[in-house]
2 protein chains.
Amino acid sequence: MTSLFSERPAIFPENCFFAAEGGDPPVCQICRARGSGVCSVLSPEELSALYQVSERISFPPGHIFIEEGTDAWCFYNVTQGTVKLFRSLPDGRRQITGFGSPGCFIGLAVTETYGFGAETVEAVTLCRFSRKKLETLVNRFPQLERRLLNEASHELVLAQDQMLLLGRKTARERVASFLLTRIAADDCEHTQDSIVLHLPMTRADIADYLGLTIETVSRTLSRMRQDGLIRTGADRMIEIRSRERLRTLSLEG
Amino acid sequence: MTSLFSERPAIFPENCFFAAEGGDPPVCQICRARGSGVCSVLSPEELSALYQVSERISFPPGHIFIEEGTDAWCFYNVTQGTVKLFRSLPDGRRQITGFGSPGCFIGLAVTETYGFGAETVEAVTLCRFSRKKLETLVNRFPQLERRLLNEASHELVLAQDQMLLLGRKTARERVASFLLTRIAADDCEHTQDSIVLHLPMTRADIADYLGLTIETVSRTLSRMRQDGLIRTGADRMIEIRSRERLRTLSLEG
DNA sequence: CGAGCTCTTGATTCTCGTCAAGAAGGGTGG
DNA sequence: CCACCCTTCTTGACGAGAATCAAGAGCTCG
């Protein structure tokens, strides 16, 4: 039996095919989430059962697939692309509570209704499970429940990081923290001393995630560019020129 | 089998003795957390097993009983009083991520080490479980694991609320939201049209929870007092004179 | 009754938001 | 392949809201 909290599988996107086994359902064999999603704790036979109660769906960029406050009938697993999860106020102000990459399980923070909304950032593929059927499977395969608890525990740690950021950090610290988070989320290529990062989200998304405005995000990035900390390229590419300086910046302005 | 997420027992502090049964260990029979804590899903026999691997400890106000980043050897259940959970930056800035009342389980957001610190607000009594022994019990009583998942799920919802508050609300909206949260947390006496609330925490705690300064919290409460929304009394008592106006205020300044 | 907190209030500063305009980038159709 | 349009991004000027600095009032508790 694995540990009660936070023993999440390591994410190796480049090795993802290693995680899938010959006995897995065909779609799962090539799935980017097989090594890191909740399904990673299932044997090929168990995975088949999960596979049978799920369906693969795809959405274009900017598609809202969970509307805040609607009945929570299904859960999702991101298998390709990036999604954003958010909460909003009646007047339209929006806070993005997190971005989801392949392997991310969506639906931990629900009651009878979704307490959050979800929208695609890029073209996205999801694995969708009906809530009822997933619950049946969780009862059959207890390791799924353990895995969900680990996931929830990890989400809580991230949420607390974000609360510290939103409540106590300056704009400069927030943007630096964000870039470091993105590096950890591993959408990036490491070369020897610099790191090239692709941000799939717009400035508006970053602003809504960091509790800032578009203009402040843009200005802060410009200043980092002037300071030689980063370089920006086409198609939302960012080159981090000193991860160490960025880390310092993320903690003390 | 209960639902996978968020079926947390209702909290009835005034009825707490109803939840305890004659077969419970003596301390548990009079425990304020018996009806709402993780132990609420256990039968008297199961509770005895949990009781045997736990110990009751008390701390004075202002005592830090979890130091950020230290090894996570044990989990806690609050049984009396209020605690604050926080994260901090190297330069001393601090964000309180939540307050814990009786029934609150502490330790969901851990890995090998505590990702957060915990300090008592008032005199506090806790039930302490060694991590290893609790894990053994969770394996024995699967409903405990389900209960922990529900708890984590609920914590996530609260964390997302708080992110929205910290990222997008004004000082006035934050303080209004805070008071409403406190009413829901049920440290209060309802009379017919007004609600009398006791806040155990200082202005500094409130400020650290809301991402503001002491002065701003104080000024905001003063303004609410001038506006006839609240009245303040000795010993951190606050009378809410219009819950409805407060709710409006919490959403749109 | 006095010491040390906690809380309130005022004056001032500063960070970030708002408003506005223009540049850059991406996609589409001729 | 280029012109055009729309969205995204950048930059500047200005203003508002909250932080900071400072002083004093109000509570608690020994």
# chains A, B, ... in the order shown; residues from 1 in each chain; ligands from 1

$ interface_residues --of "chain D" --to "chain A" --cutoff "10 Å" --atoms "only C-alpha atoms (C1' of nucleotides)" --output "list in words"
DT8, DC9, DT10 and DT11 of chain D

$ select_by_dssp --residues "stretch 49-87 of chain A" --states "strand (DSSP E)" --output "PyMOL selection string"
chain A and resi 54-59+64-66+74-80+83-87

$ interface_residues --of "chain B" --to "chain A" --cutoff "9 Å" --atoms "only C-alpha atoms" --output "PyMOL selection string"
chain B and resi 1+3-7+86-91+93-97+108-112+115-116+131+135+138-139+142+145-146+148-150+152-169+208-212+251-252

$ closest_residue --among "B:Val38, B:Val121, B:Ile230, B:Val217" --to "chain C" --atoms "only C-alpha atoms (C1' of nucleotides)"
B:Val217

$ calpha_fit_and_write --fixed "chain B" --moving "chain A" --output "mmCIF file with C-alpha atoms, in the first residue's frame"
data_model
loop_
_atom_site.group_PDB
_atom_site.id
_atom_site.type_symbol
_atom_site.label_atom_id
_atom_site.label_comp_id
_atom_site.auth_asym_id
_atom_site.auth_seq_id
_atom_site.Cartn_x
_atom_site.Cartn_y
_atom_site.Cartn_z
ATOM 1 C CA MET A 1 -21.123 3.728 0.875
ATOM 2 C CA THR A 2 -21.243 7.493 1.031
ATOM 3 C CA SER A 3 -20.630 9.779 -1.914
ATOM 4 C CA LEU A 4 -17.141 10.203 -3.244
ATOM 5 C CA PHE A 5 -16.851 13.908 -2.576
ATOM 6 C CA SER A 6 -17.937 16.457 -0.077
ATOM 7 C CA GLU A 7 -20.458 14.578 2.007
ATOM 8 C CA ARG A 8 -19.251 16.063 5.205
ATOM 9 C CA PRO A 9 -21.324 15.650 8.343
ATOM 10 C CA ALA A 10 -23.258 18.725 9.381
ATOM 11 C CA ILE A 11 -21.808 20.585 12.324
ATOM 12 C CA PHE A 12 -24.096 21.001 15.302
ATOM 13 C CA PRO A 13 -21.905 22.195 18.150
ATOM 14 C CA GLU A 14 -24.902 22.600 20.421
ATOM 15 C CA ASN A 15 -25.890 18.987 19.773
ATOM 16 C CA CYS A 16 -22.445 17.537 19.915
ATOM 17 C CA PHE A 17 -23.283 15.157 22.728
ATOM 18 C CA PHE A 18 -25.884 13.483 20.564
ATOM 19 C CA ALA A 19 -23.189 12.320 18.212
ATOM 20 C CA ALA A 20 -21.246 10.482 20.863
ATOM 21 C CA GLU A 21 -22.407 7.060 21.893
ATOM 22 C CA GLY A 22 -22.193 5.198 25.163
ATOM 23 C CA GLY A 23 -19.649 2.752 23.759
ATOM 24 C CA ASP A 24 -17.220 5.490 22.754
ATOM 25 C CA PRO A 25 -14.028 6.014 24.733
ATOM 26 C CA PRO A 26 -14.841 8.407 27.605
ATOM 27 C CA VAL A 27 -12.905 11.361 26.178
ATOM 28 C CA CYS A 28 -14.624 10.940 22.807
ATOM 29 C CA GLN A 29 -18.059 10.938 24.407
ATOM 30 C CA ILE A 30 -17.661 14.539 25.419
ATOM 31 C CA CYS A 31 -15.547 15.608 22.448
ATOM 32 C CA ARG A 32 -16.790 18.564 20.419
ATOM 33 C CA ALA A 33 -15.285 17.024 17.302
ATOM 34 C CA ARG A 34 -17.003 13.646 17.616
ATOM 35 C CA GLY A 35 -19.898 14.714 15.407
ATOM 36 C CA SER A 36 -17.916 16.472 12.717
ATOM 37 C CA GLY A 37 -14.306 15.274 12.746
ATOM 38 C CA VAL A 38 -12.890 12.417 10.735
ATOM 39 C CA CYS A 39 -13.797 10.181 13.685
ATOM 40 C CA SER A 40 -17.488 10.790 12.963
ATOM 41 C CA VAL A 41 -17.504 7.955 10.455
ATOM 42 C CA LEU A 42 -16.313 5.396 12.987
ATOM 43 C CA SER A 43 -18.380 3.068 15.134
ATOM 44 C CA PRO A 44 -17.644 3.006 18.874
ATOM 45 C CA GLU A 45 -15.460 -0.091 18.421
ATOM 46 C CA GLU A 46 -13.491 1.461 15.572
ATOM 47 C CA LEU A 47 -13.190 4.691 17.490
ATOM 48 C CA SER A 48 -11.584 2.789 20.337
ATOM 49 C CA ALA A 49 -8.848 1.662 17.986
ATOM 50 C CA LEU A 50 -8.312 5.257 16.848
ATOM 51 C CA TYR A 51 -8.407 6.455 20.416
ATOM 52 C CA GLN A 52 -5.674 4.054 21.388
ATOM 53 C CA VAL A 53 -3.257 5.374 18.792
ATOM 54 C CA SER A 54 -3.909 9.007 19.651
ATOM 55 C CA GLU A 55 -3.151 11.346 22.499
ATOM 56 C CA ARG A 56 -4.798 14.485 23.818
ATOM 57 C CA ILE A 57 -2.605 17.572 24.030
ATOM 58 C CA SER A 58 -3.275 21.178 24.997
ATOM 59 C CA PHE A 59 -1.475 24.390 24.167
ATOM 60 C CA PRO A 60 -1.755 27.994 25.374
ATOM 61 C CA PRO A 61 -2.610 30.844 22.971
ATOM 62 C CA GLY A 62 0.101 31.788 20.492
ATOM 63 C CA HIS A 63 1.885 28.447 20.535
ATOM 64 C CA ILE A 64 3.359 27.234 17.271
ATOM 65 C CA PHE A 65 2.831 23.473 17.244
ATOM 66 C CA ILE A 66 3.721 22.863 13.608
ATOM 67 C CA GLU A 67 6.857 24.487 12.253
ATOM 68 C CA GLU A 68 6.888 24.971 8.496
ATOM 69 C CA GLY A 69 9.115 22.545 6.647
ATOM 70 C CA THR A 70 9.711 20.137 9.534
ATOM 71 C CA ASP A 71 9.158 16.396 9.166
ATOM 72 C CA ALA A 72 5.495 15.493 9.132
ATOM 73 C CA TRP A 73 5.334 12.794 11.790
ATOM 74 C CA CYS A 74 1.848 13.390 13.044
ATOM 75 C CA PHE A 75 -1.588 14.647 12.160
ATOM 76 C CA TYR A 76 -3.982 16.534 14.395
ATOM 77 C CA ASN A 77 -7.635 16.963 14.991
ATOM 78 C CA VAL A 78 -8.760 20.162 16.687
ATOM 79 C CA THR A 79 -11.102 19.385 19.564
ATOM 80 C CA GLN A 80 -11.265 22.723 21.368
ATOM 81 C CA GLY A 81 -10.350 26.275 20.429
ATOM 82 C CA THR A 82 -9.118 27.817 17.199
ATOM 83 C CA VAL A 83 -5.848 27.420 15.334
ATOM 84 C CA LYS A 84 -4.378 29.257 12.360
ATOM 85 C CA LEU A 85 -2.534 27.603 9.483
ATOM 86 C CA PHE A 86 -0.052 29.696 7.554
ATOM 87 C CA ARG A 87 2.743 29.880 5.033
ATOM 88 C CA SER A 88 5.434 32.482 5.166
ATOM 89 C CA LEU A 89 8.170 34.081 3.107
ATOM 90 C CA PRO A 90 11.844 34.330 4.130
ATOM 91 C CA ASP A 91 11.448 38.024 5.037
ATOM 92 C CA GLY A 92 8.610 37.316 7.456
ATOM 93 C CA ARG A 93 5.571 38.142 5.369
ATOM 94 C CA ARG A 94 2.886 35.676 6.334
ATOM 95 C CA GLN A 95 -0.275 34.403 4.742
ATOM 96 C CA ILE A 96 -2.809 32.621 6.908
ATOM 97 C CA THR A 97 -4.344 29.954 4.679
ATOM 98 C CA GLY A 98 -7.133 29.039 7.053
ATOM 99 C CA PHE A 99 -8.448 28.900 10.584
ATOM 100 C CA GLY A 100 -9.252 25.560 12.180
ATOM 101 C CA SER A 101 -12.104 24.975 14.620
ATOM 102 C CA PRO A 102 -13.137 21.804 16.465
ATOM 103 C CA GLY A 103 -13.485 18.955 13.995
ATOM 104 C CA CYS A 104 -10.802 20.334 11.686
ATOM 105 C CA PHE A 105 -8.270 17.751 10.523
ATOM 106 C CA ILE A 106 -4.758 19.109 10.173
ATOM 107 C CA GLY A 107 -2.309 17.422 7.861
ATOM 108 C CA LEU A 108 -4.054 17.016 4.538
ATOM 109 C CA ALA A 109 -1.569 19.224 2.725
ATOM 110 C CA VAL A 110 1.651 17.427 3.578
ATOM 111 C CA THR A 111 4.358 15.519 1.819
ATOM 112 C CA GLU A 112 7.266 14.214 3.842
ATOM 113 C CA THR A 113 7.384 17.589 5.551
ATOM 114 C CA TYR A 114 4.711 20.050 6.594
ATOM 115 C CA GLY A 115 4.136 22.576 3.839
ATOM 116 C CA PHE A 116 2.571 24.950 6.348
ATOM 117 C CA GLY A 117 2.894 26.083 9.918
ATOM 118 C CA ALA A 118 0.233 25.962 12.611
ATOM 119 C CA GLU A 119 -0.225 28.155 15.665
ATOM 120 C CA THR A 120 -2.902 28.324 18.325
ATOM 121 C CA VAL A 121 -5.116 31.399 18.418
ATOM 122 C CA GLU A 122 -6.750 30.608 21.748
ATOM 123 C CA ALA A 123 -6.118 27.881 24.288
ATOM 124 C CA VAL A 124 -6.453 24.752 22.198
ATOM 125 C CA THR A 125 -6.899 21.035 22.706
ATOM 126 C CA LEU A 126 -5.865 18.648 19.970
ATOM 127 C CA CYS A 127 -6.040 14.963 19.269
ATOM 128 C CA ARG A 128 -2.667 13.866 17.908
ATOM 129 C CA PHE A 129 -2.115 10.784 15.735
ATOM 130 C CA SER A 130 1.203 9.424 14.660
ATOM 131 C CA ARG A 131 1.269 9.374 10.911
ATOM 132 C CA LYS A 132 2.287 5.740 10.691
ATOM 133 C CA LYS A 133 -0.404 4.495 13.017
ATOM 134 C CA LEU A 134 -3.084 6.567 11.357
ATOM 135 C CA GLU A 135 -2.107 5.109 7.995
ATOM 136 C CA THR A 136 -2.488 1.620 9.417
ATOM 137 C CA LEU A 137 -5.941 2.486 10.678
ATOM 138 C CA VAL A 138 -6.942 4.054 7.381
ATOM 139 C CA ASN A 139 -6.050 0.769 5.714
ATOM 140 C CA ARG A 140 -8.187 -1.092 8.249
ATOM 141 C CA PHE A 141 -11.148 1.283 8.058
ATOM 142 C CA PRO A 142 -11.620 2.415 4.458
ATOM 143 C CA GLN A 143 -14.427 4.796 5.403
ATOM 144 C CA LEU A 144 -11.728 6.898 7.094
ATOM 145 C CA GLU A 145 -10.055 7.349 3.754
ATOM 146 C CA ARG A 146 -13.328 8.323 2.131
ATOM 147 C CA ARG A 147 -13.840 10.812 4.928
ATOM 148 C CA LEU A 148 -10.360 12.279 4.411
ATOM 149 C CA LEU A 149 -11.029 12.633 0.690
ATOM 150 C CA ASN A 150 -14.267 14.472 1.433
ATOM 151 C CA GLU A 151 -12.424 16.711 3.835
ATOM 152 C CA ALA A 152 -9.696 17.438 1.300
ATOM 153 C CA SER A 153 -12.298 18.140 -1.358
ATOM 154 C CA HIS A 154 -14.039 20.603 0.921
ATOM 155 C CA GLU A 155 -10.743 22.260 1.795
ATOM 156 C CA LEU A 156 -10.075 22.708 -1.895
ATOM 157 C CA VAL A 157 -13.376 24.506 -2.385
ATOM 158 C CA LEU A 158 -12.528 26.830 0.493
ATOM 159 C CA ALA A 159 -9.047 27.392 -0.908
ATOM 160 C CA GLN A 160 -10.500 28.409 -4.255
ATOM 161 C CA ASP A 161 -12.908 30.818 -2.565
ATOM 162 C CA GLN A 162 -9.945 32.331 -0.808
ATOM 163 C CA MET A 163 -7.935 32.642 -4.025
ATOM 164 C CA LEU A 164 -10.824 34.562 -5.587
ATOM 165 C CA LEU A 165 -10.911 36.791 -2.532
ATOM 166 C CA LEU A 166 -7.163 37.432 -2.474
ATOM 167 C CA GLY A 167 -6.787 37.917 -6.191
ATOM 168 C CA ARG A 168 -9.850 39.916 -7.075
ATOM 169 C CA LYS A 169 -11.683 41.447 -4.152
ATOM 170 C CA THR A 170 -11.292 44.914 -2.627
ATOM 171 C CA ALA A 171 -10.527 45.438 1.046
ATOM 172 C CA ARG A 172 -14.189 46.120 1.784
ATOM 173 C CA GLU A 173 -15.298 42.983 -0.031
ATOM 174 C CA ARG A 174 -12.658 40.918 1.744
ATOM 175 C CA VAL A 175 -13.691 41.977 5.209
ATOM 176 C CA ALA A 176 -17.375 41.449 4.394
ATOM 177 C CA SER A 177 -16.588 37.970 3.024
ATOM 178 C CA PHE A 178 -14.560 37.197 6.117
ATOM 179 C CA LEU A 179 -17.391 38.077 8.465
ATOM 180 C CA LEU A 180 -19.793 35.922 6.458
ATOM 181 C CA THR A 181 -17.339 33.033 6.563
ATOM 182 C CA ARG A 182 -17.098 33.409 10.314
ATOM 183 C CA ILE A 183 -20.879 33.334 10.633
ATOM 184 C CA ALA A 184 -20.918 30.108 8.616
ATOM 185 C CA ALA A 185 -18.137 28.675 10.788
ATOM 186 C CA ASP A 186 -20.714 29.053 13.523
ATOM 187 C CA ASP A 187 -18.845 30.699 16.354
ATOM 188 C CA CYS A 188 -21.884 32.917 16.715
ATOM 189 C CA GLU A 189 -25.214 33.395 18.390
ATOM 190 C CA HIS A 190 -28.168 34.136 16.158
ATOM 191 C CA THR A 191 -30.775 36.419 17.620
ATOM 192 C CA GLN A 192 -33.716 37.372 15.476
ATOM 193 C CA ASP A 193 -32.430 39.962 13.040
ATOM 194 C CA SER A 194 -28.900 40.523 14.202
ATOM 195 C CA ILE A 195 -26.063 38.079 14.649
ATOM 196 C CA VAL A 196 -23.499 38.312 17.407
ATOM 197 C CA LEU A 197 -20.133 36.954 16.448
ATOM 198 C CA HIS A 198 -17.045 36.323 18.505
ATOM 199 C CA LEU A 199 -13.773 36.598 16.655
ATOM 200 C CA PRO A 200 -11.023 34.805 18.548
ATOM 201 C CA MET A 201 -8.299 36.186 16.271
ATOM 202 C CA THR A 202 -6.547 39.558 16.369
ATOM 203 C CA ARG A 203 -6.608 42.226 13.666
ATOM 204 C CA ALA A 204 -3.155 41.045 12.668
ATOM 205 C CA ASP A 205 -4.484 37.526 12.079
ATOM 206 C CA ILE A 206 -7.411 38.846 10.058
ATOM 207 C CA ALA A 207 -5.037 40.978 8.015
ATOM 208 C CA ASP A 208 -2.727 38.036 7.348
ATOM 209 C CA TYR A 209 -5.726 35.966 6.324
ATOM 210 C CA LEU A 210 -7.163 38.606 3.984
ATOM 211 C CA GLY A 211 -3.897 39.767 2.435
ATOM 212 C CA LEU A 212 -4.254 43.245 3.974
ATOM 213 C CA THR A 213 -2.570 45.251 6.737
ATOM 214 C CA ILE A 214 -3.825 45.705 10.282
ATOM 215 C CA GLU A 215 -4.600 49.332 9.547
ATOM 216 C CA THR A 216 -6.704 48.576 6.494
ATOM 217 C CA VAL A 217 -8.705 45.957 8.391
ATOM 218 C CA SER A 218 -9.273 48.396 11.222
ATOM 219 C CA ARG A 219 -10.276 51.227 8.891
ATOM 220 C CA THR A 220 -12.634 48.985 6.941
ATOM 221 C CA LEU A 221 -14.353 47.792 10.100
ATOM 222 C CA SER A 222 -14.614 51.405 11.304
ATOM 223 C CA ARG A 223 -16.278 52.392 8.063
ATOM 224 C CA MET A 224 -18.726 49.488 8.366
ATOM 225 C CA ARG A 225 -19.479 50.674 11.873
ATOM 226 C CA GLN A 226 -20.144 54.200 10.604
ATOM 227 C CA ASP A 227 -22.401 52.775 7.913
ATOM 228 C CA GLY A 228 -24.433 50.977 10.551
ATOM 229 C CA LEU A 229 -23.536 47.563 9.154
ATOM 230 C CA ILE A 230 -21.918 46.266 12.291
ATOM 231 C CA ARG A 231 -21.355 47.154 15.915
ATOM 232 C CA THR A 232 -18.239 46.212 17.783
ATOM 233 C CA GLY A 233 -18.001 45.389 21.446
ATOM 234 C CA ALA A 234 -15.481 44.354 24.029
ATOM 235 C CA ASP A 235 -13.577 41.070 23.779
ATOM 236 C CA ARG A 236 -13.684 41.025 19.958
ATOM 237 C CA MET A 237 -17.430 40.718 19.744
ATOM 238 C CA ILE A 238 -19.053 41.913 16.537
ATOM 239 C CA GLU A 239 -22.735 42.334 15.912
ATOM 240 C CA ILE A 240 -23.805 41.950 12.297
ATOM 241 C CA ARG A 241 -26.802 44.187 11.786
ATOM 242 C CA SER A 242 -27.643 43.168 8.243
ATOM 243 C CA ARG A 243 -26.369 39.914 6.905
ATOM 244 C CA GLU A 244 -28.028 40.625 3.584
ATOM 245 C CA ARG A 245 -26.217 43.946 3.061
ATOM 246 C CA LEU A 246 -23.010 42.246 4.067
ATOM 247 C CA ARG A 247 -23.541 39.589 1.430
ATOM 248 C CA THR A 248 -24.108 42.231 -1.242
ATOM 249 C CA LEU A 249 -20.988 44.016 -0.072
ATOM 250 C CA SER A 250 -18.905 40.839 -0.240
ATOM 251 C CA LEU A 251 -19.577 40.499 -3.953
ATOM 252 C CA GLU A 252 -19.659 44.032 -5.291
ATOM 253 C CA GLY A 253 -17.783 46.360 -3.033
#

$ residues_around --residues "C:DA11" --least-positions-apart "5" --cutoff "12 Å" --atoms "only C-alpha atoms (C1' of nucleotides)" --output "ChimeraX atom specification"
/D:20-23

$ write_last_selection --atoms "C-alpha atoms (C1' of nucleotides)" --output "PDB file, in the first residue's frame"
ATOM      1  C1'  DT D  20       3.686  52.719   5.217  1.00  0.00           C
ATOM      2  C1'  DC D  21       4.947  55.771   8.806  1.00  0.00           C
ATOM      3  C1'  DA D  22       3.639  57.869  13.023  1.00  0.00           C
ATOM      4  C1'  DA D  23       1.097  58.947  17.136  1.00  0.00           C
TER       5       DA D  23
END

$ select_by_dssp --residues "stretch 3-138 of chain B" --states "alpha helix (DSSP H)" --output "list in words"
Cys16, Phe17, Phe18, Ala19, Pro26, Val27, Cys28, Gln29, Pro44, Glu45, Glu46, Leu47, Ser48, Ala49, Leu50, Tyr51, Gln52, Arg131, Lys132, Lys133, Leu134, Glu135, Thr136, Leu137 and Val138 of chain B

$ write_last_selection --atoms "N, CA and C atoms" --output "CSV table (one decimal), in the first residue's frame"
chain,number,residue,atom,x,y,z
B,16,CYS,N,-23.6,18.3,19.9
B,16,CYS,CA,-22.5,17.4,19.7
B,16,CYS,C,-22.6,16.2,20.6
B,17,PHE,N,-23.2,16.2,21.7
B,17,PHE,CA,-23.3,15.1,22.6
B,17,PHE,C,-24.2,14.0,21.9
B,18,PHE,N,-25.0,14.3,21.0
B,18,PHE,CA,-25.9,13.3,20.4
B,18,PHE,C,-25.0,12.4,19.5
B,19,ALA,N,-24.0,13.0,19.0
B,19,ALA,CA,-23.2,12.2,18.1
B,19,ALA,C,-22.4,11.1,18.8
B,26,PRO,N,-14.3,7.3,26.8
B,26,PRO,CA,-14.8,8.4,27.6
B,26,PRO,C,-14.5,9.8,27.1
B,27,VAL,N,-13.3,10.0,26.7
B,27,VAL,CA,-12.9,11.4,26.2
B,27,VAL,C,-13.7,11.7,24.9
B,28,CYS,N,-13.9,10.7,24.1
B,28,CYS,CA,-14.6,10.9,22.8
B,28,CYS,C,-16.1,11.2,23.0
B,29,GLN,N,-16.7,10.7,24.1
B,29,GLN,CA,-18.1,10.9,24.4
B,29,GLN,C,-18.4,12.4,24.6
B,44,PRO,N,-18.3,2.9,17.6
B,44,PRO,CA,-17.6,3.0,18.9
B,44,PRO,C,-16.4,2.0,19.0
B,45,GLU,N,-16.5,0.8,18.4
B,45,GLU,CA,-15.4,-0.1,18.4
B,45,GLU,C,-14.2,0.4,17.6
B,46,GLU,N,-14.5,0.9,16.4
B,46,GLU,CA,-13.5,1.5,15.6
B,46,GLU,C,-12.8,2.7,16.2
B,47,LEU,N,-13.7,3.5,16.9
B,47,LEU,CA,-13.2,4.7,17.5
B,47,LEU,C,-12.2,4.3,18.6
B,48,SER,N,-12.5,3.2,19.3
B,48,SER,CA,-11.6,2.8,20.4
B,48,SER,C,-10.2,2.5,19.8
B,49,ALA,N,-10.1,1.9,18.6
B,49,ALA,CA,-8.8,1.7,18.0
B,49,ALA,C,-8.1,3.0,17.7
B,50,LEU,N,-8.9,3.9,17.2
B,50,LEU,CA,-8.3,5.3,16.9
B,50,LEU,C,-7.8,5.9,18.1
B,51,TYR,N,-8.7,5.8,19.1
B,51,TYR,CA,-8.4,6.5,20.4
B,51,TYR,C,-7.1,6.0,21.0
B,52,GLN,N,-6.9,4.6,20.8
B,52,GLN,CA,-5.6,4.1,21.4
B,52,GLN,C,-4.4,4.5,20.7
B,131,ARG,N,1.6,9.6,12.3
B,131,ARG,CA,1.3,9.4,10.9
B,131,ARG,C,1.2,7.9,10.6
B,132,LYS,N,2.2,7.2,11.0
B,132,LYS,CA,2.3,5.8,10.7
B,132,LYS,C,1.1,5.0,11.2
B,133,LYS,N,0.7,5.3,12.5
B,133,LYS,CA,-0.4,4.5,13.0
B,133,LYS,C,-1.7,4.9,12.4
B,134,LEU,N,-1.8,6.2,12.0
B,134,LEU,CA,-3.1,6.6,11.4
B,134,LEU,C,-3.2,5.9,10.0
B,135,GLU,N,-2.1,5.8,9.3
B,135,GLU,CA,-2.1,5.1,8.0
B,135,GLU,C,-2.5,3.7,8.1
B,136,THR,N,-2.0,3.0,9.2
B,136,THR,CA,-2.5,1.7,9.4
B,136,THR,C,-4.0,1.6,9.6
B,137,LEU,N,-4.5,2.5,10.4
B,137,LEU,CA,-5.9,2.5,10.7
B,137,LEU,C,-6.7,2.8,9.4
B,138,VAL,N,-6.2,3.7,8.6
B,138,VAL,CA,-6.9,4.1,7.4
B,138,VAL,C,-7.0,2.8,6.5

$ interface_residues --of "chain C" --to "chain B" --cutoff "8 Å" --atoms "only C-alpha atoms (C1' of nucleotides)" --output "MDAnalysis selection string"
chainID C and resid 6:8

$ write_last_selection --atoms "N, CA and C atoms (P, O5', C5', C4', C3', O3' and C1' of nucleotides)" --output "PDB file, in the first residue's frame"
ATOM      1  P    DT C   6      -0.555  41.700  20.544  1.00  0.00           P
ATOM      2  O5'  DT C   6      -1.837  42.642  20.424  1.00  0.00           O
ATOM      3  C5'  DT C   6      -2.929  42.437  21.291  1.00  0.00           C
ATOM      4  C4'  DT C   6      -3.987  43.485  21.019  1.00  0.00           C
ATOM      5  C3'  DT C   6      -4.387  43.609  19.545  1.00  0.00           C
ATOM      6  O3'  DT C   6      -5.787  43.475  19.485  1.00  0.00           O
ATOM      7  C1'  DT C   6      -3.920  45.731  20.464  1.00  0.00           C
ATOM      8  P    DC C   7      -6.545  43.472  18.063  1.00  0.00           P
ATOM      9  O5'  DC C   7      -7.005  44.987  17.868  1.00  0.00           O
ATOM     10  C5'  DC C   7      -7.830  45.577  18.859  1.00  0.00           C
ATOM     11  C4'  DC C   7      -7.915  47.061  18.605  1.00  0.00           C
ATOM     12  C3'  DC C   7      -8.319  47.446  17.177  1.00  0.00           C
ATOM     13  O3'  DC C   7      -9.595  48.061  17.237  1.00  0.00           O
ATOM     14  C1'  DC C   7      -6.549  48.812  18.017  1.00  0.00           C
ATOM     15  P    DT C   8     -10.296  48.613  15.907  1.00  0.00           P
ATOM     16  O5'  DT C   8      -9.818  50.137  15.897  1.00  0.00           O
ATOM     17  C5'  DT C   8     -10.229  50.993  16.952  1.00  0.00           C
ATOM     18  C4'  DT C   8      -9.655  52.370  16.721  1.00  0.00           C
ATOM     19  C3'  DT C   8     -10.044  53.035  15.402  1.00  0.00           C
ATOM     20  O3'  DT C   8     -10.690  54.255  15.712  1.00  0.00           O
ATOM     21  C1'  DT C   8      -7.710  53.247  15.817  1.00  0.00           C
TER      22       DT C   8
END

$ atom_distance --atom1 "atom C1' of D:DC6" --atom2 "atom C1' of C:DG29"
14.0 Å

$ atom_distance --atom1 "atom C1' of C:DT13" --atom2 "atom C1' of D:DA13"
18.7 Å

$ residues_around --residues "C:DG30" --least-positions-apart "6" --cutoff "12 Å" --atoms "only C-alpha atoms (C1' of nucleotides)" --output "list of chain:residue names"
D:DC1, D:DC2, D:DA3, D:DC4

$ write_last_selection --atoms "C-alpha atoms (C1' of nucleotides)" --output "mmCIF file, in the first residue's frame"
data_model
loop_
_atom_site.group_PDB
_atom_site.id
_atom_site.type_symbol
_atom_site.label_atom_id
_atom_site.label_comp_id
_atom_site.auth_asym_id
_atom_site.auth_seq_id
_atom_site.Cartn_x
_atom_site.Cartn_y
_atom_site.Cartn_z
ATOM 1 C "C1'" DC D 1 2.271 36.092 -51.482
ATOM 2 C "C1'" DC D 2 0.514 40.141 -49.751
ATOM 3 C "C1'" DA D 3 -3.128 43.223 -47.780
ATOM 4 C "C1'" DC D 4 -6.268 43.600 -44.256
#

$ atom_distance --atom1 "atom C1' of C:DG4" --atom2 "atom C1' of D:DG26"
12.4 Å
